[in-house]
Amino acid sequence: MNASLRIALLSSLGALALAGCGGGAGDPAKEQDVVAKVAPPAGKSWSQVVSFDGDGVVMGNPEAPIKIEEFGAFTCGHCAQFAKDSHEELKRDFVDTGRVSYKLTPFMLHPIDAIAGAITKCTGTERFFPLADATFIEHEAFIAGAQKPQPGIEAAMQLPPEQRFVALAKGWGIDQFYQQRGVPAATIQACLSKVDNVAAIEKGTNAGVEKYKITGTPTFVINGQVVQGINTWGPLRDRLRTMGAR
């Protein structure tokens with residue numbers, strides 16, 4: 001991953017960079033005592049408690065004894081499959097018990113990841129996870145515009161940064177994807193016109209690579225430790241149960 005977002009965006013105009021997407025086999029752990037459930041705030045479920053946290057967004061009990069962080073790229077098919085398999089069960093059986101919090105830190109494999117990450121974060125905490133889920137679960141629709149040559153992309157790359165990302169979002173159809181899911185066009189334009197919003201996704205990516213030596217997505221970190229060899233829901237669910245969330 002280049003240190004400069006401008007360099008990364010100028011050098012990533014080919015096919016989707018999905019070579020960094022995927023992982024290996026399971027990683028056993030010793031079974032631990034059952035963790036007690038924690039009651040949510042009055043009138044809410046824990047999955048409705050969402051806040052910005054550093055480079056990502058966290059859902060659930062901020063004091064949960066088991067804290068998951070996913071470094072996930074919106075263009076990554078393996079990340080999309082994880083979301084499809086996990087999103088209901090993860091919230092219902094783990095986050096809503098107060099035992100587990102879940103943080104998603106958008107990761108950049110392709111310029112589209114930086115644009116999508118910026119838009120989803122710009123919508124705020126109430127909309128972030130519904131839009132992130134939609135992006136992953138409707139993966140084929142989301143990346144459709146980037147899977148074939150698009151007129152205007154090269155020209156968009158020559159624009160000043162405050163215009164470039166708006167034009168790229170239009171060229172790849174990313175703006176339409178989010179508008180169709182309730183994000184106003186004005187919100188998208190304002191978000192992408194502020195280059196810091198896009199650069200923040202690269203910043204989070206670089207920080208994750210530096211801290212956790214991330215080489216592919218999704219990468220999961222539990223209580224500050226990378227979960228080696230697990231990139232699908234079944235094995236991660238088993239790990240959570242082994243840690244006492246059962």
# chains A, B, ... in the order shown; residues from 1 in each chain; ligands from 1
$ select_by_dssp --residues "stretch 77-176 of chain A" --states "helix (DSSP H, G or I)" --output "compact mmCIF listing (two decimals) with all heavy atoms, in the first residue's frame"
# COMPACT_ATOMS: atom_id res chain seq x y z
N GLY A 77 -14.49 -9.77 -2.07
CA GLY A 77 -15.54 -10.78 -2.10
C GLY A 77 -15.61 -11.63 -0.85
O GLY A 77 -16.70 -12.03 -0.41
N HIS A 78 -14.47 -11.93 -0.23
CA HIS A 78 -14.46 -12.70 1.01
C HIS A 78 -15.10 -11.90 2.16
O HIS A 78 -15.80 -12.46 3.00
CB HIS A 78 -13.03 -13.09 1.38
CG HIS A 78 -12.43 -14.10 0.47
ND1 HIS A 78 -12.71 -15.44 0.54
CD2 HIS A 78 -11.55 -13.96 -0.57
CE1 HIS A 78 -12.03 -16.10 -0.40
NE2 HIS A 78 -11.33 -15.21 -1.08
N CYS A 79 -14.85 -10.58 2.17
CA CYS A 79 -15.48 -9.72 3.18
C CYS A 79 -16.99 -9.69 2.96
O CYS A 79 -17.77 -9.71 3.92
CB CYS A 79 -14.92 -8.31 3.09
SG CYS A 79 -13.13 -8.19 3.31
N ALA A 80 -17.39 -9.64 1.69
CA ALA A 80 -18.81 -9.65 1.38
C ALA A 80 -19.47 -10.94 1.85
O ALA A 80 -20.56 -10.92 2.43
CB ALA A 80 -19.01 -9.47 -0.13
N GLN A 81 -18.80 -12.06 1.63
CA GLN A 81 -19.37 -13.34 2.06
C GLN A 81 -19.45 -13.41 3.56
O GLN A 81 -20.44 -13.93 4.12
CB GLN A 81 -18.52 -14.50 1.52
CG GLN A 81 -19.18 -15.86 1.71
CD GLN A 81 -20.50 -15.97 0.98
OE1 GLN A 81 -20.59 -15.69 -0.21
NE2 GLN A 81 -21.56 -16.36 1.70
N PHE A 82 -18.45 -12.89 4.27
CA PHE A 82 -18.50 -12.87 5.72
C PHE A 82 -19.72 -12.09 6.19
O PHE A 82 -20.44 -12.53 7.10
CB PHE A 82 -17.22 -12.26 6.31
CG PHE A 82 -17.30 -12.07 7.80
CD1 PHE A 82 -17.05 -13.13 8.65
CD2 PHE A 82 -17.65 -10.83 8.34
CE1 PHE A 82 -17.16 -12.97 10.03
CE2 PHE A 82 -17.75 -10.67 9.72
CZ PHE A 82 -17.51 -11.74 10.56
N ALA A 83 -19.96 -10.93 5.60
CA ALA A 83 -21.11 -10.12 6.01
C ALA A 83 -22.42 -10.84 5.74
O ALA A 83 -23.33 -10.82 6.57
CB ALA A 83 -21.08 -8.78 5.27
N LYS A 84 -22.51 -11.50 4.60
CA LYS A 84 -23.73 -12.24 4.27
C LYS A 84 -23.99 -13.34 5.29
O LYS A 84 -25.13 -13.58 5.70
CB LYS A 84 -23.62 -12.84 2.87
CG LYS A 84 -23.62 -11.82 1.74
CD LYS A 84 -23.35 -12.49 0.39
CE LYS A 84 -23.21 -11.47 -0.72
NZ LYS A 84 -22.89 -12.10 -2.02
N ASP A 85 -22.94 -14.02 5.69
CA ASP A 85 -23.09 -15.16 6.60
C ASP A 85 -23.30 -14.73 8.05
O ASP A 85 -23.92 -15.47 8.82
CB ASP A 85 -21.84 -16.05 6.52
CG ASP A 85 -21.69 -16.73 5.17
OD1 ASP A 85 -22.68 -16.82 4.42
OD2 ASP A 85 -20.55 -17.15 4.85
N SER A 86 -22.77 -13.58 8.42
CA SER A 86 -22.67 -13.25 9.85
C SER A 86 -23.61 -12.19 10.35
O SER A 86 -23.89 -12.14 11.56
CB SER A 86 -21.25 -12.77 10.16
OG SER A 86 -21.01 -11.48 9.60
N HIS A 87 -24.11 -11.29 9.50
CA HIS A 87 -24.64 -10.02 10.00
C HIS A 87 -25.81 -10.19 10.97
O HIS A 87 -25.89 -9.47 11.97
CB HIS A 87 -24.98 -9.05 8.87
CG HIS A 87 -26.22 -9.38 8.11
ND1 HIS A 87 -26.30 -10.43 7.25
CD2 HIS A 87 -27.43 -8.77 8.08
CE1 HIS A 87 -27.51 -10.48 6.72
NE2 HIS A 87 -28.22 -9.48 7.20
N GLU A 88 -26.71 -11.13 10.74
CA GLU A 88 -27.84 -11.31 11.66
C GLU A 88 -27.41 -12.03 12.94
O GLU A 88 -27.73 -11.61 14.06
CB GLU A 88 -28.97 -12.08 10.98
CG GLU A 88 -29.66 -11.29 9.87
CD GLU A 88 -30.81 -12.06 9.26
OE1 GLU A 88 -31.11 -13.17 9.75
OE2 GLU A 88 -31.40 -11.55 8.29
N GLU A 89 -26.66 -13.11 12.78
CA GLU A 89 -26.27 -13.93 13.93
C GLU A 89 -25.28 -13.20 14.82
O GLU A 89 -25.34 -13.28 16.06
CB GLU A 89 -25.69 -15.25 13.44
CG GLU A 89 -25.55 -16.30 14.53
CD GLU A 89 -25.10 -17.64 13.97
OE1 GLU A 89 -24.81 -17.73 12.76
OE2 GLU A 89 -25.03 -18.60 14.76
N LEU A 90 -24.35 -12.49 14.23
CA LEU A 90 -23.36 -11.74 15.00
C LEU A 90 -24.04 -10.72 15.90
O LEU A 90 -23.72 -10.61 17.10
CB LEU A 90 -22.37 -11.04 14.05
CG LEU A 90 -21.32 -10.12 14.68
CD1 LEU A 90 -20.45 -10.86 15.68
CD2 LEU A 90 -20.47 -9.47 13.60
N LYS A 91 -25.01 -10.00 15.37
CA LYS A 91 -25.73 -9.01 16.18
C LYS A 91 -26.59 -9.70 17.24
O LYS A 91 -26.54 -9.34 18.43
CB LYS A 91 -26.61 -8.14 15.28
CG LYS A 91 -25.85 -7.23 14.34
CD LYS A 91 -26.82 -6.50 13.42
CE LYS A 91 -26.08 -5.72 12.36
NZ LYS A 91 -27.02 -5.09 11.40
N ARG A 92 -27.38 -10.67 16.83
CA ARG A 92 -28.37 -11.28 17.73
C ARG A 92 -27.73 -12.07 18.86
O ARG A 92 -28.10 -11.93 20.03
CB ARG A 92 -29.29 -12.18 16.90
CG ARG A 92 -30.43 -12.82 17.72
CD ARG A 92 -31.16 -13.85 16.88
NE ARG A 92 -30.34 -15.02 16.59
CZ ARG A 92 -30.13 -15.47 15.34
NH1 ARG A 92 -30.68 -14.89 14.29
NH2 ARG A 92 -29.36 -16.55 15.16
N ASP A 93 -26.79 -12.93 18.52
CA ASP A 93 -26.27 -13.89 19.49
C ASP A 93 -25.01 -13.43 20.22
O ASP A 93 -24.63 -14.04 21.23
CB ASP A 93 -25.99 -15.23 18.80
CG ASP A 93 -27.25 -15.89 18.27
OD1 ASP A 93 -28.36 -15.43 18.64
OD2 ASP A 93 -27.14 -16.85 17.48
N PHE A 94 -24.37 -12.39 19.72
CA PHE A 94 -23.11 -11.98 20.32
C PHE A 94 -23.11 -10.50 20.75
O PHE A 94 -22.92 -10.21 21.93
CB PHE A 94 -21.95 -12.28 19.36
CG PHE A 94 -21.80 -13.75 19.09
CD1 PHE A 94 -22.42 -14.34 18.00
CD2 PHE A 94 -21.07 -14.55 19.95
CE1 PHE A 94 -22.31 -15.71 17.77
CE2 PHE A 94 -20.95 -15.92 19.73
CZ PHE A 94 -21.58 -16.50 18.63
N VAL A 95 -23.34 -9.59 19.81
CA VAL A 95 -23.33 -8.17 20.16
C VAL A 95 -24.46 -7.84 21.13
O VAL A 95 -24.25 -7.17 22.15
CB VAL A 95 -23.41 -7.30 18.90
CG1 VAL A 95 -23.55 -5.82 19.28
CG2 VAL A 95 -22.16 -7.49 18.04
N ASP A 96 -25.68 -8.31 20.85
CA ASP A 96 -26.83 -7.94 21.68
C ASP A 96 -26.80 -8.57 23.07
O ASP A 96 -27.58 -8.16 23.94
CB ASP A 96 -28.14 -8.27 20.96
CG ASP A 96 -28.53 -7.23 19.93
OD1 ASP A 96 -28.02 -6.09 20.01
OD2 ASP A 96 -29.31 -7.54 19.01
N THR A 97 -25.92 -9.52 23.30
CA THR A 97 -25.75 -10.06 24.66
C THR A 97 -24.88 -9.16 25.53
O THR A 97 -24.79 -9.38 26.75
CB THR A 97 -25.10 -11.45 24.62
OG1 THR A 97 -23.75 -11.33 24.15
CG2 THR A 97 -25.88 -12.42 23.73
N PRO A 111 -9.04 2.07 -5.04
CA PRO A 111 -9.60 3.40 -4.79
C PRO A 111 -11.08 3.39 -4.44
O PRO A 111 -11.54 4.24 -3.66
CB PRO A 111 -9.35 4.14 -6.11
CG PRO A 111 -8.14 3.48 -6.68
CD PRO A 111 -8.22 2.04 -6.28
N ILE A 112 -11.84 2.45 -4.98
CA ILE A 112 -13.26 2.37 -4.66
C ILE A 112 -13.47 2.19 -3.16
O ILE A 112 -14.43 2.71 -2.58
CB ILE A 112 -13.94 1.23 -5.45
CG1 ILE A 112 -14.02 1.61 -6.93
CG2 ILE A 112 -15.33 0.91 -4.91
CD1 ILE A 112 -14.55 0.50 -7.81
N ASP A 113 -12.58 1.44 -2.51
CA ASP A 113 -12.71 1.22 -1.07
C ASP A 113 -12.61 2.54 -0.31
O ASP A 113 -13.32 2.74 0.69
CB ASP A 113 -11.62 0.27 -0.57
CG ASP A 113 -11.78 -1.13 -1.12
OD1 ASP A 113 -12.90 -1.67 -1.04
OD2 ASP A 113 -10.80 -1.68 -1.64
N ALA A 114 -11.71 3.42 -0.74
CA ALA A 114 -11.55 4.70 -0.07
C ALA A 114 -12.80 5.56 -0.26
O ALA A 114 -13.26 6.23 0.68
CB ALA A 114 -10.32 5.43 -0.59
N ILE A 115 -13.36 5.55 -1.46
CA ILE A 115 -14.56 6.34 -1.74
C ILE A 115 -15.75 5.80 -0.96
O ILE A 115 -16.49 6.55 -0.31
CB ILE A 115 -14.83 6.34 -3.26
CG1 ILE A 115 -13.73 7.14 -3.98
CG2 ILE A 115 -16.21 6.92 -3.57
CD1 ILE A 115 -13.75 7.00 -5.48
N ALA A 116 -15.97 4.49 -1.00
CA ALA A 116 -17.10 3.89 -0.29
C ALA A 116 -16.93 4.05 1.22
O ALA A 116 -17.91 4.32 1.93
CB ALA A 116 -17.23 2.42 -0.65
N GLY A 117 -15.73 3.87 1.71
CA GLY A 117 -15.49 4.04 3.14
C GLY A 117 -15.79 5.45 3.59
O GLY A 117 -16.38 5.66 4.66
N ALA A 118 -15.39 6.42 2.79
CA ALA A 118 -15.66 7.82 3.13
C ALA A 118 -17.16 8.08 3.16
O ALA A 118 -17.68 8.70 4.11
CB ALA A 118 -14.97 8.75 2.14
N ILE A 119 -17.88 7.61 2.15
CA ILE A 119 -19.33 7.88 2.08
C ILE A 119 -20.04 7.24 3.27
O ILE A 119 -20.88 7.88 3.93
CB ILE A 119 -19.91 7.37 0.76
CG1 ILE A 119 -19.37 8.19 -0.42
CG2 ILE A 119 -21.44 7.44 0.78
CD1 ILE A 119 -19.71 7.62 -1.79
N THR A 120 -19.75 5.98 3.55
CA THR A 120 -20.46 5.31 4.65
C THR A 120 -20.17 5.98 5.99
O THR A 120 -21.08 6.13 6.82
CB THR A 120 -20.10 3.82 4.73
OG1 THR A 120 -18.67 3.66 4.77
CG2 THR A 120 -20.64 3.06 3.53
N LYS A 121 -18.94 6.42 6.20
CA LYS A 121 -18.62 7.10 7.46
C LYS A 121 -19.24 8.49 7.52
O LYS A 121 -19.66 8.93 8.59
CB LYS A 121 -17.10 7.17 7.65
CG LYS A 121 -16.46 5.82 7.95
CD LYS A 121 -14.96 5.93 8.16
CE LYS A 121 -14.62 6.53 9.50
NZ LYS A 121 -13.15 6.51 9.74
N CYS A 122 -19.34 9.17 6.37
CA CYS A 122 -19.93 10.51 6.36
C CYS A 122 -21.42 10.51 6.70
O CYS A 122 -21.96 11.54 7.09
CB CYS A 122 -19.73 11.17 5.00
SG CYS A 122 -18.08 11.86 4.72
N THR A 125 -23.21 7.65 12.51
CA THR A 125 -23.24 6.36 13.20
C THR A 125 -24.54 5.59 12.96
O THR A 125 -24.52 4.36 12.91
CB THR A 125 -23.05 6.56 14.72
OG1 THR A 125 -24.03 7.48 15.20
CG2 THR A 125 -21.67 7.10 15.02
N GLU A 126 -25.67 6.29 12.80
CA GLU A 126 -26.94 5.56 12.62
C GLU A 126 -27.02 4.86 11.27
O GLU A 126 -27.66 3.81 11.16
CB GLU A 126 -28.13 6.52 12.78
CG GLU A 126 -28.35 6.97 14.22
CD GLU A 126 -29.65 7.73 14.37
OE1 GLU A 126 -30.43 7.83 13.39
OE2 GLU A 126 -29.90 8.25 15.48
N ARG A 127 -26.39 5.44 10.26
CA ARG A 127 -26.49 4.86 8.92
C ARG A 127 -25.30 3.98 8.56
O ARG A 127 -25.37 3.22 7.58
CB ARG A 127 -26.59 5.98 7.86
CG ARG A 127 -27.82 6.85 7.94
CD ARG A 127 -29.11 6.09 7.68
NE ARG A 127 -29.08 5.23 6.52
CZ ARG A 127 -29.24 5.63 5.26
NH1 ARG A 127 -29.45 6.90 5.00
NH2 ARG A 127 -29.21 4.77 4.27
N PHE A 128 -24.19 4.09 9.30
CA PHE A 128 -22.96 3.43 8.86
C PHE A 128 -23.15 1.92 8.67
O PHE A 128 -22.86 1.38 7.60
CB PHE A 128 -21.81 3.69 9.85
CG PHE A 128 -20.56 2.93 9.48
CD1 PHE A 128 -19.71 3.40 8.49
CD2 PHE A 128 -20.26 1.71 10.09
CE1 PHE A 128 -18.57 2.69 8.13
CE2 PHE A 128 -19.11 0.99 9.73
CZ PHE A 128 -18.27 1.49 8.74
N PHE A 129 -23.60 1.21 9.69
CA PHE A 129 -23.67 -0.25 9.57
C PHE A 129 -24.74 -0.72 8.59
O PHE A 129 -24.48 -1.67 7.83
CB PHE A 129 -23.83 -0.89 10.95
CG PHE A 129 -22.52 -1.00 11.69
CD1 PHE A 129 -22.26 -0.20 12.79
CD2 PHE A 129 -21.53 -1.89 11.28
CE1 PHE A 129 -21.04 -0.28 13.46
CE2 PHE A 129 -20.31 -1.98 11.93
CZ PHE A 129 -20.07 -1.17 13.03
N PRO A 130 -25.92 -0.10 8.53
CA PRO A 130 -26.86 -0.50 7.47
C PRO A 130 -26.27 -0.33 6.07
O PRO A 130 -26.47 -1.19 5.19
CB PRO A 130 -28.06 0.41 7.70
CG PRO A 130 -28.03 0.69 9.16
CD PRO A 130 -26.58 0.81 9.50
N LEU A 131 -25.54 0.76 5.84
CA LEU A 131 -24.95 0.97 4.53
C LEU A 131 -23.77 0.03 4.28
O LEU A 131 -23.58 -0.47 3.16
CB LEU A 131 -24.50 2.42 4.37
CG LEU A 131 -25.62 3.43 4.14
CD1 LEU A 131 -25.06 4.85 4.20
CD2 LEU A 131 -26.30 3.19 2.79
N ALA A 132 -22.97 -0.21 5.31
CA ALA A 132 -21.87 -1.17 5.17
C ALA A 132 -22.41 -2.55 4.84
O ALA A 132 -21.89 -3.25 3.95
CB ALA A 132 -21.02 -1.20 6.43
N ASP A 133 -23.47 -2.98 5.55
CA ASP A 133 -24.09 -4.27 5.25
C ASP A 133 -24.59 -4.32 3.82
O ASP A 133 -24.39 -5.31 3.10
CB ASP A 133 -25.26 -4.53 6.21
CG ASP A 133 -24.82 -5.04 7.57
OD1 ASP A 133 -23.63 -5.40 7.72
OD2 ASP A 133 -25.65 -5.07 8.49
N ALA A 134 -25.27 -3.24 3.38
CA ALA A 134 -25.79 -3.21 2.01
C ALA A 134 -24.65 -3.30 0.99
O ALA A 134 -24.77 -3.98 -0.03
CB ALA A 134 -26.60 -1.93 1.79
N THR A 135 -23.56 -2.62 1.27
CA THR A 135 -22.41 -2.63 0.35
C THR A 135 -21.85 -4.04 0.21
O THR A 135 -21.56 -4.50 -0.90
CB THR A 135 -21.32 -1.67 0.84
OG1 THR A 135 -21.89 -0.37 1.04
CG2 THR A 135 -20.20 -1.57 -0.18
N PHE A 136 -21.69 -4.74 1.32
CA PHE A 136 -21.17 -6.10 1.28
C PHE A 136 -22.19 -7.09 0.72
O PHE A 136 -21.87 -7.91 -0.15
CB PHE A 136 -20.76 -6.55 2.69
CG PHE A 136 -19.47 -5.95 3.19
CD1 PHE A 136 -19.40 -5.35 4.44
CD2 PHE A 136 -18.31 -5.99 2.41
CE1 PHE A 136 -18.21 -4.82 4.92
CE2 PHE A 136 -17.12 -5.46 2.88
CZ PHE A 136 -17.07 -4.87 4.14
N ILE A 137 -23.42 -7.02 1.21
CA ILE A 137 -24.42 -8.02 0.84
C ILE A 137 -24.83 -7.88 -0.63
O ILE A 137 -25.11 -8.87 -1.30
CB ILE A 137 -25.63 -7.93 1.78
CG1 ILE A 137 -25.20 -8.39 3.19
CG2 ILE A 137 -26.79 -8.78 1.30
CD1 ILE A 137 -26.20 -8.10 4.28
N HIS A 139 -22.85 -6.99 -3.06
CA HIS A 139 -21.49 -6.83 -3.58
C HIS A 139 -21.45 -6.70 -5.09
O HIS A 139 -20.77 -5.82 -5.63
CB HIS A 139 -20.65 -8.03 -3.13
CG HIS A 139 -19.23 -8.02 -3.59
ND1 HIS A 139 -18.28 -7.15 -3.11
CD2 HIS A 139 -18.59 -8.79 -4.52
CE1 HIS A 139 -17.12 -7.37 -3.69
NE2 HIS A 139 -17.27 -8.35 -4.55
N GLU A 140 -22.17 -7.56 -5.80
CA GLU A 140 -22.11 -7.54 -7.26
C GLU A 140 -22.64 -6.22 -7.82
O GLU A 140 -22.06 -5.67 -8.77
CB GLU A 140 -22.89 -8.73 -7.84
CG GLU A 140 -22.29 -10.08 -7.50
CD GLU A 140 -20.85 -10.21 -7.96
OE1 GLU A 140 -20.51 -9.70 -9.06
OE2 GLU A 140 -20.03 -10.81 -7.23
N ALA A 141 -23.73 -5.72 -7.26
CA ALA A 141 -24.26 -4.44 -7.71
C ALA A 141 -23.29 -3.31 -7.39
O ALA A 141 -23.12 -2.37 -8.19
CB ALA A 141 -25.62 -4.17 -7.07
N PHE A 142 -22.65 -3.40 -6.24
CA PHE A 142 -21.74 -2.35 -5.81
C PHE A 142 -20.54 -2.21 -6.74
O PHE A 142 -20.14 -1.11 -7.10
CB PHE A 142 -21.27 -2.62 -4.37
CG PHE A 142 -20.15 -1.75 -3.90
CD1 PHE A 142 -20.34 -0.40 -3.69
CD2 PHE A 142 -18.89 -2.29 -3.67
CE1 PHE A 142 -19.31 0.42 -3.27
CE2 PHE A 142 -17.85 -1.49 -3.25
CZ PHE A 142 -18.06 -0.13 -3.05
N ILE A 143 -19.93 -3.33 -7.14
CA ILE A 143 -18.72 -3.26 -7.96
C ILE A 143 -18.98 -3.34 -9.45
O ILE A 143 -18.04 -3.33 -10.25
CB ILE A 143 -17.70 -4.35 -7.56
CG1 ILE A 143 -18.25 -5.76 -7.87
CG2 ILE A 143 -17.30 -4.22 -6.10
CD1 ILE A 143 -17.19 -6.84 -7.74
N ALA A 144 -20.25 -3.41 -9.86
CA ALA A 144 -20.56 -3.61 -11.27
C ALA A 144 -19.93 -2.54 -12.15
O ALA A 144 -19.41 -2.84 -13.24
CB ALA A 144 -22.08 -3.63 -11.47
N GLY A 145 -19.96 -1.29 -11.70
CA GLY A 145 -19.43 -0.21 -12.51
C GLY A 145 -17.93 -0.19 -12.67
O GLY A 145 -17.40 0.47 -13.56
N ALA A 146 -17.22 -0.93 -11.82
CA ALA A 146 -15.76 -0.96 -11.89
C ALA A 146 -15.23 -2.19 -12.62
O ALA A 146 -14.03 -2.32 -12.83
CB ALA A 146 -15.17 -0.92 -10.49
N ILE A 153 -12.98 7.99 -16.52
CA ILE A 153 -12.16 7.72 -15.33
C ILE A 153 -10.78 8.36 -15.46
O ILE A 153 -10.29 9.01 -14.52
CB ILE A 153 -12.05 6.21 -15.06
CG1 ILE A 153 -13.41 5.63 -14.68
CG2 ILE A 153 -11.03 5.94 -13.97
CD1 ILE A 153 -13.99 6.18 -13.39
N GLU A 154 -10.15 8.21 -16.63
CA GLU A 154 -8.83 8.81 -16.81
C GLU A 154 -8.91 10.32 -16.67
O GLU A 154 -8.04 10.94 -16.04
CB GLU A 154 -8.26 8.43 -18.18
CG GLU A 154 -7.90 6.95 -18.32
CD GLU A 154 -6.67 6.58 -17.50
OE1 GLU A 154 -5.97 7.49 -17.01
OE2 GLU A 154 -6.42 5.37 -17.35
N ALA A 155 -9.95 10.92 -17.23
CA ALA A 155 -10.11 12.37 -17.11
C ALA A 155 -10.34 12.77 -15.66
O ALA A 155 -9.83 13.80 -15.19
CB ALA A 155 -11.28 12.84 -17.98
N ALA A 156 -11.10 11.94 -14.93
CA ALA A 156 -11.36 12.25 -13.52
C ALA A 156 -10.07 12.28 -12.72
O ALA A 156 -9.93 13.08 -11.78
CB ALA A 156 -12.33 11.22 -12.93
N MET A 157 -9.13 11.43 -13.08
CA MET A 157 -7.87 11.36 -12.34
C MET A 157 -7.04 12.63 -12.49
O MET A 157 -6.14 12.90 -11.68
CB MET A 157 -7.05 10.16 -12.80
CG MET A 157 -7.68 8.82 -12.47
SD MET A 157 -7.96 8.54 -10.71
CE MET A 157 -6.31 8.65 -10.07
N PRO A 161 -7.90 17.27 -6.43
CA PRO A 161 -8.42 16.27 -5.48
C PRO A 161 -9.83 16.55 -5.00
O PRO A 161 -10.62 15.61 -4.84
CB PRO A 161 -7.41 16.33 -4.34
CG PRO A 161 -6.14 16.77 -4.99
CD PRO A 161 -6.55 17.73 -6.07
N GLU A 162 -10.19 17.82 -4.77
CA GLU A 162 -11.51 18.12 -4.24
C GLU A 162 -12.62 17.86 -5.27
O GLU A 162 -13.80 17.81 -4.92
CB GLU A 162 -11.58 19.57 -3.74
CG GLU A 162 -11.35 20.61 -4.81
CD GLU A 162 -9.88 20.97 -4.98
OE1 GLU A 162 -9.02 20.23 -4.48
OE2 GLU A 162 -9.61 22.00 -5.63
N GLN A 163 -12.25 17.66 -6.54
CA GLN A 163 -13.22 17.29 -7.58
C GLN A 163 -13.05 15.83 -8.02
O GLN A 163 -14.00 15.22 -8.52
CB GLN A 163 -13.06 18.19 -8.80
CG GLN A 163 -13.26 19.66 -8.55
CD GLN A 163 -12.93 20.51 -9.76
OE1 GLN A 163 -13.05 20.06 -10.90
NE2 GLN A 163 -12.48 21.75 -9.53
N ARG A 164 -11.87 15.31 -7.81
CA ARG A 164 -11.50 14.00 -8.36
C ARG A 164 -12.38 12.87 -7.83
O ARG A 164 -12.89 12.04 -8.59
CB ARG A 164 -10.03 13.70 -8.04
CG ARG A 164 -9.51 12.37 -8.58
CD ARG A 164 -8.08 12.15 -8.14
NE ARG A 164 -7.26 13.32 -8.44
CZ ARG A 164 -6.08 13.56 -7.87
NH1 ARG A 164 -5.62 12.74 -6.95
NH2 ARG A 164 -5.39 14.63 -8.20
N PHE A 165 -12.59 12.84 -6.52
CA PHE A 165 -13.28 11.71 -5.93
C PHE A 165 -14.78 11.72 -6.23
O PHE A 165 -15.40 10.68 -6.37
CB PHE A 165 -13.00 11.65 -4.43
CG PHE A 165 -11.52 11.61 -4.14
CD1 PHE A 165 -10.90 12.67 -3.51
CD2 PHE A 165 -10.75 10.54 -4.56
CE1 PHE A 165 -9.53 12.65 -3.28
CE2 PHE A 165 -9.38 10.50 -4.33
CZ PHE A 165 -8.77 11.56 -3.68
N VAL A 166 -15.34 12.93 -6.36
CA VAL A 166 -16.74 13.04 -6.79
C VAL A 166 -16.87 12.47 -8.20
O VAL A 166 -17.80 11.70 -8.50
CB VAL A 166 -17.20 14.51 -6.75
CG1 VAL A 166 -18.61 14.64 -7.32
CG2 VAL A 166 -17.15 15.05 -5.32
N ALA A 167 -15.94 12.83 -9.08
CA ALA A 167 -15.99 12.36 -10.46
C ALA A 167 -15.76 10.86 -10.56
O ALA A 167 -16.40 10.17 -11.36
CB ALA A 167 -14.95 13.11 -11.30
N LEU A 168 -14.84 10.33 -9.75
CA LEU A 168 -14.60 8.89 -9.76
C LEU A 168 -15.83 8.13 -9.27
O LEU A 168 -16.18 7.08 -9.81
CB LEU A 168 -13.39 8.55 -8.89
CG LEU A 168 -12.02 8.94 -9.45
CD1 LEU A 168 -10.94 8.73 -8.39
CD2 LEU A 168 -11.69 8.14 -10.70
N ALA A 169 -16.47 8.65 -8.22
CA ALA A 169 -17.68 8.00 -7.72
C ALA A 169 -18.76 7.95 -8.80
O ALA A 169 -19.47 6.94 -8.95
CB ALA A 169 -18.20 8.74 -6.49
N LYS A 170 -18.89 9.03 -9.58
CA LYS A 170 -19.85 9.03 -10.68
C LYS A 170 -19.44 8.05 -11.77
O LYS A 170 -20.26 7.30 -12.30
CB LYS A 170 -19.97 10.45 -11.25
CG LYS A 170 -20.65 11.44 -10.34
CD LYS A 170 -20.77 12.80 -11.00
CE LYS A 170 -21.41 13.83 -10.08
NZ LYS A 170 -22.80 13.46 -9.74
N GLY A 171 -18.15 8.07 -12.11
CA GLY A 171 -17.67 7.21 -13.19
C GLY A 171 -17.85 5.72 -12.91
O GLY A 171 -18.14 4.94 -13.80
N ILE A 174 -20.64 4.54 -8.08
CA ILE A 174 -20.73 4.40 -6.63
C ILE A 174 -21.73 5.39 -6.05
O ILE A 174 -22.46 5.09 -5.10
CB ILE A 174 -19.33 4.61 -5.99
CG1 ILE A 174 -18.32 3.62 -6.58
CG2 ILE A 174 -19.40 4.46 -4.47
CD1 ILE A 174 -18.71 2.18 -6.46
N ASP A 175 -21.78 6.60 -6.64
CA ASP A 175 -22.74 7.59 -6.15
C ASP A 175 -24.17 7.09 -6.32
O ASP A 175 -25.01 7.23 -5.42
CB ASP A 175 -22.52 8.94 -6.83
CG ASP A 175 -22.73 8.90 -8.33
OD1 ASP A 175 -22.61 7.81 -8.94
OD2 ASP A 175 -23.01 9.97 -8.92
N GLN A 176 -24.46 6.48 -7.47
CA GLN A 176 -25.81 5.97 -7.72
C GLN A 176 -26.16 4.83 -6.76
O GLN A 176 -27.29 4.72 -6.29
CB GLN A 176 -25.94 5.50 -9.16
CG GLN A 176 -25.98 6.63 -10.18
CD GLN A 176 -27.19 7.53 -9.98
OE1 GLN A 176 -28.31 7.05 -9.87
NE2 GLN A 176 -26.95 8.83 -9.92
$ select_by_dssp --residues "stretch 45-183 of chain A" --states "strand (DSSP E)" --output "list in words"
Val50, Ser51, Phe52, Asp53, Gly56, Val57, Val58, Met59, Ile66, Lys67, Ile68, Glu69, Glu70, Phe71, Gly72, Val100, Ser101, Tyr102, Lys103, Leu104, Thr105 and Pro106 of chain A
$ closest_atom_pairs --of "stretch 103-168 of chain A" --to "stretch 216-227 of chain A" --cutoff "12 Å" --atoms "only C-alpha atoms" --output "JSON lines"
{"residue": "A:Lys103", "atom": "CA", "partner": "A:Val221", "partner_atom": "CA", "distance": 9.5}
{"residue": "A:Leu104", "atom": "CA", "partner": "A:Phe220", "partner_atom": "CA", "distance": 9.5}
{"residue": "A:Thr105", "atom": "CA", "partner": "A:Thr219", "partner_atom": "CA", "distance": 10.1}
{"residue": "A:Pro106", "atom": "CA", "partner": "A:Pro218", "partner_atom": "CA", "distance": 10.0}
{"residue": "A:Phe107", "atom": "CA", "partner": "A:Thr217", "partner_atom": "CA", "distance": 7.9}
{"residue": "A:Met108", "atom": "CA", "partner": "A:Thr217", "partner_atom": "CA", "distance": 9.6}
{"residue": "A:Leu109", "atom": "CA", "partner": "A:Thr217", "partner_atom": "CA", "distance": 8.7}
{"residue": "A:Phe136", "atom": "CA", "partner": "A:Pro218", "partner_atom": "CA", "distance": 11.9}
